[in-house]
Amino acid sequence: MPDVSTDVELVRELFVARERWGWEYVDPDPAVRLDPTARPVWLEPPGPDLTQLQQQAARGATGLLLRLVVVVVVCMVMSVASAGAGMLVLFVGGALALAPWLLPASQISSAKRTAQERRAAAWTAFQQADQAWLWQAESVWRSEEARRAAAMLWFPVDLTSGRGRVDVFGGTGEGWASLLTTVGASLLAGGRNVLVLDLSEAQVAVSLARLADSWGVPVVDLEFPKDQARLDLLRDLPAEELAEVLTEALGSMRPGPAQVDIRALDAELLRTVAGRLDSPVTASRLAAGLNVLRHAYDSGGSGFLSEDELARLTSCVDSVGGRRDQVQQELQLLAVMVGLLAEVEESASEAEQQVGLERGLWPRNGLAVISTSTSNLRRKDVLDRVVFARALHELRLREADGAGDVLVIAGADLLGRENLEAVARQARRVGVRLVLLMERLHNELREHLGSSDSVAVLMRLGNAQDAAAAAEFIGRGHRFVLSELTAQIGRTSTSGSSTSTGDAIGTTATKGTNRGHGPGTGSSSRSRSLAESQTRSWQKTASWSQVESTVTGETRSRVYEFMVEPTAIQALPATAFILIETGDIGRRVVVADCNPGICLLDRVAAEPRLAPTSWDQGVRGPL
């Protein structure tokens, strides 16, 4: 059972008027960063085109030495004639000799200096833009982190489909206690009356009762058979209704389908005995009357029956039924069952009974907890079924008043599918919300899972078959899963060399004749030339290259599998549950937690998440 404190803050946070079954954890959207591809990238600016200047400088440097030699020689010659003329020639000739080389070199230096200045200005602008982008990225990141830090993490889970029945399968006593505390507090705060029939012997409503009392809600807490003096299950019933309640209880104990004739016989025998007893009809007196019919009553020992009652019962001994063997067998069974109730019966005044209750078990206002606990297994079974039969009988007699009361039955799987269907049918008729807490999801109850007008809540199911059935009910879906990872690393090296040589020989022959004529003169000349040329070339080329490559990849496959694996259901925390609800807009599956202490955490929302326009088939919430 959870350690729930009656701290004022906890009570105030739990008792809210809106129905709440637990809280759904929602991880905030991840922080958004600026697109890193939008960050400024430094591109080295192109350098100046110095090809022409470099060619000019190269040409100027080619004859530089020769020009300088000529200038020096001329200077020496001129110095012989005049020292001043020699110096003038030296300066002028040196300038003219150096100009073809110095001028392009100066232009090259100036172009490089200008390019460096432009690069420095571009680098400064890039650093400023990059710093501005970093500041913006940091601002966006801080804003996103602040959003995540302020976002709500827990959202209350309610039922939006308006279903009248909630079937809880699986779970432990601790989980049931947490669930009842969370939802019961919100129901009571909303003005609803809640009746809890605790057949589980796990005391699942103790925390709810303590918190409700702290909040000021009227609470009636009865445990049978210890508190039978405060509320006798049979005392206030008329003979016909008492017979129906006990017949219902006994019929639920019979394995297999109920036999109509046997149930009619049980009702007839009980009605016969109860109708011949004076008020009040208690379990002890009813057991004594049954023993009178089976000739087993000790009139001198018990003193439960008066002389008039004995006379009325004795007069009908011979007229009860015609099947003596079957009548005696049923009388014995009824006497034993009622006798188990009579063994713990105590005398109580009228003022001690019906304290805080009306209509039998139902609370006048607030919360009523009816639990059963005894070391005698047969008596425990009888008490469970009588308490249930009494509640079912009161539902049958009740009119649809629209009060919105809630009936919770903990350990309902012990009652059988037919009884659960009967109480669900009556609760739906009168407008009572029905909550059934069942420990197992065995074969008989699987037909109960997902029935009409119901919401299913799945808690921890340790049994593998139960967990598999629950996973099948939640459903399957398509999703992409990582199925293959590949990595390829390669290295390629190539090297080569080539050598080529060539020779070319050429011969050119030229012949010519020139004739000239003039007045009285004439001339003639012949010319002949022969030229030979020889060219030899040699070339050697070496090449080498190396290529490294790395290729990684992943493959995802589309699979159709359980949305929630059975092993995940088996490993659910004690207070976690999976809610499956079908409404007009579809079907939703929500993973939530019903621990009452969640309401004291930080970042817990007061309202559920925004209602979607349609529910998808996915599972919402972490597992």
# chains A, B, ... in the order shown; residues from 1 in each chain; ligands from 1
>>> residues_around(residues="stretch 406-414 of chain A", least_positions_apart="4", cutoff="9 Å", atoms="only C-alpha atoms", output="number ranges by chain")
A: 176, 180, 187, 192-201, 204, 384, 388, 420, 427, 432-441, 445
>>> residues_around(residues="A:Leu10", least_positions_apart="6", cutoff="12 Å", atoms="only C-alpha atoms", output="list in words")
Val4, Val16, Thr181, Thr182, Ala185, Leu211, Ala212, Ser214, Trp215, Asn595, Pro596, Gly597, Ile598, Cys599, Leu600 and Leu601 of chain A
>>> write_last_selection(atoms="C-alpha atoms", output="JSON list (two decimals), in the first residue's frame")
[["chain", "number", "residue", "atom", "x", "y", "z"],
["A", 4, "VAL", "CA", 0.15, 8.42, 1.42],
["A", 16, "VAL", "CA", -10.14, 18.39, -7.54],
["A", 181, "THR", "CA", -6.93, 7.13, -4.12],
["A", 182, "THR", "CA", -6.33, 9.19, -7.25],
["A", 185, "ALA", "CA", -10.49, 11.76, -4.55],
["A", 211, "LEU", "CA", -7.69, 11.35, 2.83],
["A", 212, "ALA", "CA", -11.44, 11.77, 2.36],
["A", 214, "SER", "CA", -9.14, 14.78, 6.15],
["A", 215, "TRP", "CA", -10.93, 16.65, 3.36],
["A", 595, "ASN", "CA", 0.77, 7.46, -7.98],
["A", 596, "PRO", "CA", -1.00, 10.15, -5.88],
["A", 597, "GLY", "CA", 2.32, 11.77, -5.01],
["A", 598, "ILE", "CA", 2.73, 12.96, -8.61],
["A", 599, "CYS", "CA", 0.42, 15.87, -7.88],
["A", 600, "LEU", "CA", 3.09, 17.31, -5.55],
["A", 601, "LEU", "CA", 5.80, 17.32, -8.21]]
>>> residues_around(residues="A:Arg210", least_positions_apart="5", cutoff="12 Å", atoms="only C-alpha atoms", output="VMD selection string")
chain A and resid 3 to 7 11 177 181 184 to 185 203 to 205 215 to 221 367 to 369
>>> select_by_dssp(residues="stretch 155-193 of chain A", states="strand (DSSP E)", output="PyMOL selection string")
chain A and resi 155-157+165-169
>>> residues_around(residues="A:Glu565", least_positions_apart="4", cutoff="10 Å", atoms="only C-alpha atoms", output="PyMOL selection string")
chain A and resi 467-468+470-472+474-476+561+569-570+623
>>> write_last_selection(atoms="C-alpha atoms", output="CSV table (one decimal), in the first residue's frame")
chain,number,residue,atom,x,y,z
A,467,ALA,CA,0.1,-10.4,-20.7
A,468,ALA,CA,0.0,-11.9,-24.3
A,470,ALA,CA,-3.5,-7.9,-23.1
A,471,ALA,CA,-0.9,-7.1,-25.8
A,472,GLU,CA,-3.2,-8.6,-28.4
A,474,ILE,CA,-3.9,-3.3,-27.3
A,475,GLY,CA,-3.2,-4.1,-30.9
A,476,ARG,CA,-0.5,-4.3,-33.5
A,561,GLU,CA,4.1,-6.2,-34.5
A,569,ILE,CA,3.2,-5.3,-19.6
A,570,GLN,CA,4.7,-7.9,-17.2
A,623,LEU,CA,6.9,2.5,-21.4
>>> atom_distance(atom1="atom CA of A:Gln329", atom2="atom CA of A:Leu269")
11.6 Å
>>> atom_distance(atom1="atom CA of A:Arg20", atom2="atom CA of A:Asp405")
15.7 Å
>>> select_by_dssp(residues="stretch 362-529 of chain A", states="helix (DSSP H, G or I)", output="VMD selection string")
chain A and resid 377 to 397 412 to 414 417 to 430 443 to 446 464 to 474
>>> write_last_selection(atoms="N, CA and C atoms", output="short mmCIF file (atom, residue, chain, number, x, y, z; two decimals), in the first residue's frame")
data_model
loop_
_atom_site.label_atom_id
_atom_site.label_comp_id
_atom_site.auth_asym_id
_atom_site.auth_seq_id
_atom_site.Cartn_x
_atom_site.Cartn_y
_atom_site.Cartn_z
N LEU A 377 -11.86 -19.66 5.09
CA LEU A 377 -12.01 -19.45 3.65
C LEU A 377 -13.45 -19.61 3.20
N ARG A 378 -14.16 -20.58 3.76
CA ARG A 378 -15.56 -20.77 3.35
C ARG A 378 -16.40 -19.58 3.77
N ARG A 379 -16.18 -19.08 5.00
CA ARG A 379 -16.94 -17.92 5.45
C ARG A 379 -16.60 -16.69 4.61
N LYS A 380 -15.33 -16.57 4.25
CA LYS A 380 -14.92 -15.44 3.40
C LYS A 380 -15.63 -15.51 2.05
N ASP A 381 -15.72 -16.69 1.48
CA ASP A 381 -16.39 -16.84 0.20
C ASP A 381 -17.87 -16.49 0.31
N VAL A 382 -18.50 -16.96 1.37
CA VAL A 382 -19.93 -16.68 1.57
C VAL A 382 -20.15 -15.19 1.79
N LEU A 383 -19.29 -14.56 2.62
CA LEU A 383 -19.43 -13.13 2.87
C LEU A 383 -19.27 -12.32 1.59
N ASP A 384 -18.26 -12.67 0.78
CA ASP A 384 -18.06 -11.96 -0.47
C ASP A 384 -19.30 -12.02 -1.34
N ARG A 385 -19.86 -13.19 -1.46
CA ARG A 385 -20.99 -13.35 -2.37
C ARG A 385 -22.27 -12.74 -1.82
N VAL A 386 -22.43 -12.75 -0.49
CA VAL A 386 -23.60 -12.11 0.08
C VAL A 386 -23.51 -10.59 -0.05
N VAL A 387 -22.31 -10.04 0.20
CA VAL A 387 -22.13 -8.59 0.04
C VAL A 387 -22.39 -8.19 -1.41
N PHE A 388 -21.86 -8.96 -2.34
CA PHE A 388 -22.08 -8.65 -3.74
C PHE A 388 -23.55 -8.80 -4.11
N ALA A 389 -24.17 -9.88 -3.65
CA ALA A 389 -25.58 -10.10 -3.97
C ALA A 389 -26.46 -8.99 -3.40
N ARG A 390 -26.09 -8.50 -2.20
CA ARG A 390 -26.87 -7.40 -1.61
C ARG A 390 -26.73 -6.13 -2.45
N ALA A 391 -25.51 -5.83 -2.90
CA ALA A 391 -25.32 -4.65 -3.73
C ALA A 391 -26.04 -4.79 -5.06
N LEU A 392 -25.99 -5.98 -5.67
CA LEU A 392 -26.68 -6.21 -6.93
C LEU A 392 -28.19 -6.09 -6.76
N HIS A 393 -28.70 -6.60 -5.65
CA HIS A 393 -30.13 -6.52 -5.37
C HIS A 393 -30.57 -5.06 -5.23
N GLU A 394 -29.73 -4.25 -4.58
CA GLU A 394 -30.08 -2.84 -4.42
C GLU A 394 -30.05 -2.10 -5.75
N LEU A 395 -29.16 -2.52 -6.63
CA LEU A 395 -29.15 -1.91 -7.97
C LEU A 395 -30.43 -2.25 -8.72
N ARG A 396 -30.91 -3.47 -8.55
CA ARG A 396 -32.14 -3.86 -9.25
C ARG A 396 -33.34 -3.05 -8.75
N LEU A 397 -33.33 -2.72 -7.46
CA LEU A 397 -34.45 -1.97 -6.89
C LEU A 397 -34.34 -0.47 -7.12
N ALA A 412 -13.00 -8.45 -8.21
CA ALA A 412 -14.23 -8.85 -8.87
C ALA A 412 -14.07 -10.13 -9.67
N ASP A 413 -12.82 -10.51 -10.01
CA ASP A 413 -12.65 -11.72 -10.81
C ASP A 413 -13.02 -12.98 -10.06
N LEU A 414 -13.19 -12.90 -8.73
CA LEU A 414 -13.60 -14.06 -7.94
C LEU A 414 -15.09 -14.35 -8.10
N ARG A 417 -17.86 -14.52 -14.51
CA ARG A 417 -18.27 -13.67 -15.61
C ARG A 417 -19.76 -13.36 -15.58
N GLU A 418 -20.60 -14.34 -15.24
CA GLU A 418 -22.05 -14.11 -15.26
C GLU A 418 -22.46 -13.04 -14.25
N ASN A 419 -21.87 -13.09 -13.07
CA ASN A 419 -22.21 -12.08 -12.06
C ASN A 419 -21.72 -10.70 -12.47
N LEU A 420 -20.54 -10.64 -13.11
CA LEU A 420 -20.03 -9.34 -13.55
C LEU A 420 -20.91 -8.77 -14.66
N GLU A 421 -21.37 -9.62 -15.54
CA GLU A 421 -22.27 -9.13 -16.58
C GLU A 421 -23.59 -8.65 -15.98
N ALA A 422 -24.07 -9.34 -14.95
CA ALA A 422 -25.33 -8.94 -14.32
C ALA A 422 -25.20 -7.58 -13.65
N VAL A 423 -24.10 -7.37 -12.89
CA VAL A 423 -23.96 -6.09 -12.20
C VAL A 423 -23.67 -4.98 -13.21
N ALA A 424 -22.97 -5.28 -14.30
CA ALA A 424 -22.72 -4.26 -15.32
C ALA A 424 -24.03 -3.85 -15.99
N ARG A 425 -24.89 -4.82 -16.22
CA ARG A 425 -26.18 -4.52 -16.87
C ARG A 425 -27.04 -3.63 -15.96
N GLN A 426 -27.11 -3.95 -14.67
CA GLN A 426 -27.93 -3.16 -13.76
C GLN A 426 -27.33 -1.77 -13.53
N ALA A 427 -25.99 -1.69 -13.45
CA ALA A 427 -25.35 -0.38 -13.25
C ALA A 427 -25.60 0.52 -14.44
N ARG A 428 -25.54 -0.05 -15.64
CA ARG A 428 -25.80 0.74 -16.84
C ARG A 428 -27.25 1.21 -16.87
N ARG A 429 -28.15 0.37 -16.40
CA ARG A 429 -29.58 0.74 -16.43
C ARG A 429 -29.87 1.93 -15.53
N VAL A 430 -29.26 1.98 -14.35
CA VAL A 430 -29.58 3.04 -13.38
C VAL A 430 -28.59 4.20 -13.45
N ASN A 443 -9.09 -17.04 -18.96
CA ASN A 443 -9.92 -17.32 -20.14
C ASN A 443 -11.33 -16.79 -20.01
N GLU A 444 -11.93 -16.94 -18.84
CA GLU A 444 -13.32 -16.53 -18.68
C GLU A 444 -13.48 -15.02 -18.79
N LEU A 445 -12.48 -14.28 -18.29
CA LEU A 445 -12.60 -12.82 -18.27
C LEU A 445 -12.13 -12.19 -19.57
N ARG A 446 -11.46 -12.95 -20.44
CA ARG A 446 -11.03 -12.36 -21.70
C ARG A 446 -12.22 -11.96 -22.57
N ALA A 464 2.25 -14.87 -18.14
CA ALA A 464 2.63 -14.67 -19.55
C ALA A 464 1.42 -14.73 -20.47
N GLN A 465 0.49 -15.65 -20.22
CA GLN A 465 -0.69 -15.76 -21.08
C GLN A 465 -1.58 -14.53 -20.93
N ASP A 466 -1.72 -14.06 -19.69
CA ASP A 466 -2.52 -12.85 -19.48
C ASP A 466 -1.89 -11.65 -20.19
N ALA A 467 -0.56 -11.54 -20.09
CA ALA A 467 0.14 -10.42 -20.74
C ALA A 467 0.01 -10.50 -22.25
N ALA A 468 0.09 -11.70 -22.80
CA ALA A 468 -0.05 -11.87 -24.25
C ALA A 468 -1.46 -11.48 -24.71
N ALA A 469 -2.47 -11.87 -23.94
CA ALA A 469 -3.84 -11.50 -24.30
C ALA A 469 -4.03 -9.98 -24.23
N ALA A 470 -3.42 -9.35 -23.22
CA ALA A 470 -3.52 -7.90 -23.10
C ALA A 470 -2.82 -7.20 -24.26
N ALA A 471 -1.64 -7.69 -24.64
CA ALA A 471 -0.92 -7.09 -25.78
C ALA A 471 -1.72 -7.26 -27.07
N GLU A 472 -2.35 -8.39 -27.24
CA GLU A 472 -3.17 -8.62 -28.43
C GLU A 472 -4.36 -7.66 -28.45
N PHE A 473 -4.92 -7.37 -27.28
CA PHE A 473 -6.05 -6.45 -27.22
C PHE A 473 -5.61 -5.02 -27.53
N ILE A 474 -4.45 -4.62 -27.03
CA ILE A 474 -3.94 -3.28 -27.33
C ILE A 474 -3.78 -3.11 -28.82
#
>>> closest_residue(among="A:Leu485, A:Val168, A:Ala31, A:Leu222", to="A:Ser373", atoms="only C-alpha atoms")
A:Leu222
>>> residues_around(residues="A:Ala267", least_positions_apart="6", cutoff="8 Å", atoms="only C-alpha atoms", output="short mmCIF file (atom, residue, chain, number, x, y, z; two decimals) with N, CA and C atoms, in the first residue's frame")
data_model
loop_
_atom_site.label_atom_id
_atom_site.label_comp_id
_atom_site.auth_asym_id
_atom_site.auth_seq_id
_atom_site.Cartn_x
_atom_site.Cartn_y
_atom_site.Cartn_z
N ALA A 243 -34.70 -13.74 0.54
CA ALA A 243 -34.58 -14.99 -0.19
C ALA A 243 -33.87 -14.78 -1.52
N GLU A 244 -34.16 -13.68 -2.20
CA GLU A 244 -33.52 -13.41 -3.48
C GLU A 244 -32.02 -13.15 -3.31
N LEU A 246 -29.95 -14.20 -0.87
CA LEU A 246 -29.24 -15.44 -0.52
C LEU A 246 -29.24 -16.42 -1.69
N THR A 247 -30.32 -16.45 -2.45
CA THR A 247 -30.34 -17.32 -3.63
C THR A 247 -29.30 -16.87 -4.65
#
>>> residues_around(residues="A:Asp325", least_positions_apart="6", cutoff="12 Å", atoms="only C-alpha atoms", output="list in words")
Arg294, Leu331 and Gln332 of chain A
>>> write_last_selection(atoms="C-alpha atoms", output="short mmCIF file (atom, residue, chain, number, x, y, z; two decimals), in the first residue's frame")
data_model
loop_
_atom_site.label_atom_id
_atom_site.label_comp_id
_atom_site.auth_asym_id
_atom_site.auth_seq_id
_atom_site.Cartn_x
_atom_site.Cartn_y
_atom_site.Cartn_z
CA ARG A 294 -34.55 -30.53 8.00
CA LEU A 331 -31.84 -27.38 3.04
CA GLN A 332 -28.52 -28.67 4.31
#
>>> residues_around(residues="A:Glu607", least_positions_apart="2", cutoff="8 Å", atoms="only C-alpha atoms", output="list in words")
Phe155, Pro156, Ala605 and Arg609 of chain A
>>> closest_residue(among="A:Glu19, A:Glu144, A:Asp503, A:Glu548", to="A:Ile489", atoms="only C-alpha atoms")
A:Glu548
>>> closest_residue(among="A:Gln326, A:Leu461, A:Glu532, A:Glu484", to="A:Arg556", atoms="only C-alpha atoms")
A:Glu484
>>> atom_distance(atom1="atom CA of A:Glu223", atom2="atom CA of A:Gly251")
23.6 Å
>>> closest_residue(among="A:Gly289, A:Ala487, A:Val183, A:Leu572", to="A:Phe15", atoms="only C-alpha atoms")
A:Val183
>>> closest_residue(among="A:Leu159, A:Ser178, A:Gln328, A:Gln54", to="A:Gly583", atoms="only C-alpha atoms")
A:Leu159
>>> closest_residue(among="A:Ser454, A:Gly175, A:Gln546, A:Leu530", to="A:Arg491", atoms="only C-alpha atoms")
A:Gln546
>>> decode(residues="stretch 448-468 of chain A", atoms="C-alpha atoms", output="PDB file, in the first residue's frame")
ATOM      1  CA  HIS A 448     -15.206  -9.400 -20.700  1.00  0.00           C
ATOM      2  CA  LEU A 449     -12.268  -7.389 -22.084  1.00  0.00           C
ATOM      3  CA  GLY A 450     -13.338  -4.649 -24.466  1.00  0.00           C
ATOM      4  CA  SER A 451     -17.070  -5.248 -24.163  1.00  0.00           C
ATOM      5  CA  SER A 452     -19.562  -2.538 -25.004  1.00  0.00           C
ATOM      6  CA  ASP A 453     -19.712   0.679 -22.974  1.00  0.00           C
ATOM      7  CA  SER A 454     -16.436  -0.083 -21.222  1.00  0.00           C
ATOM      8  CA  VAL A 455     -12.934   1.307 -20.872  1.00  0.00           C
ATOM      9  CA  ALA A 456     -10.043  -1.093 -20.269  1.00  0.00           C
ATOM     10  CA  VAL A 457      -7.181  -0.298 -17.882  1.00  0.00           C
ATOM     11  CA  LEU A 458      -4.261  -2.727 -17.933  1.00  0.00           C
ATOM     12  CA  MET A 459      -1.870  -2.800 -15.002  1.00  0.00           C
ATOM     13  CA  ARG A 460       0.965  -5.211 -14.312  1.00  0.00           C
ATOM     14  CA  LEU A 461       0.081  -8.727 -15.493  1.00  0.00           C
ATOM     15  CA  GLY A 462       2.724 -11.173 -14.369  1.00  0.00           C
ATOM     16  CA  ASN A 463       1.223 -14.220 -16.038  1.00  0.00           C
ATOM     17  CA  ALA A 464       2.632 -14.672 -19.545  1.00  0.00           C
ATOM     18  CA  GLN A 465      -0.688 -15.758 -21.083  1.00  0.00           C
ATOM     19  CA  ASP A 466      -2.518 -12.848 -19.480  1.00  0.00           C
ATOM     20  CA  ALA A 467       0.135 -10.419 -20.736  1.00  0.00           C
ATOM     21  CA  ALA A 468      -0.046 -11.870 -24.252  1.00  0.00           C
TER      22      ALA A 468
END
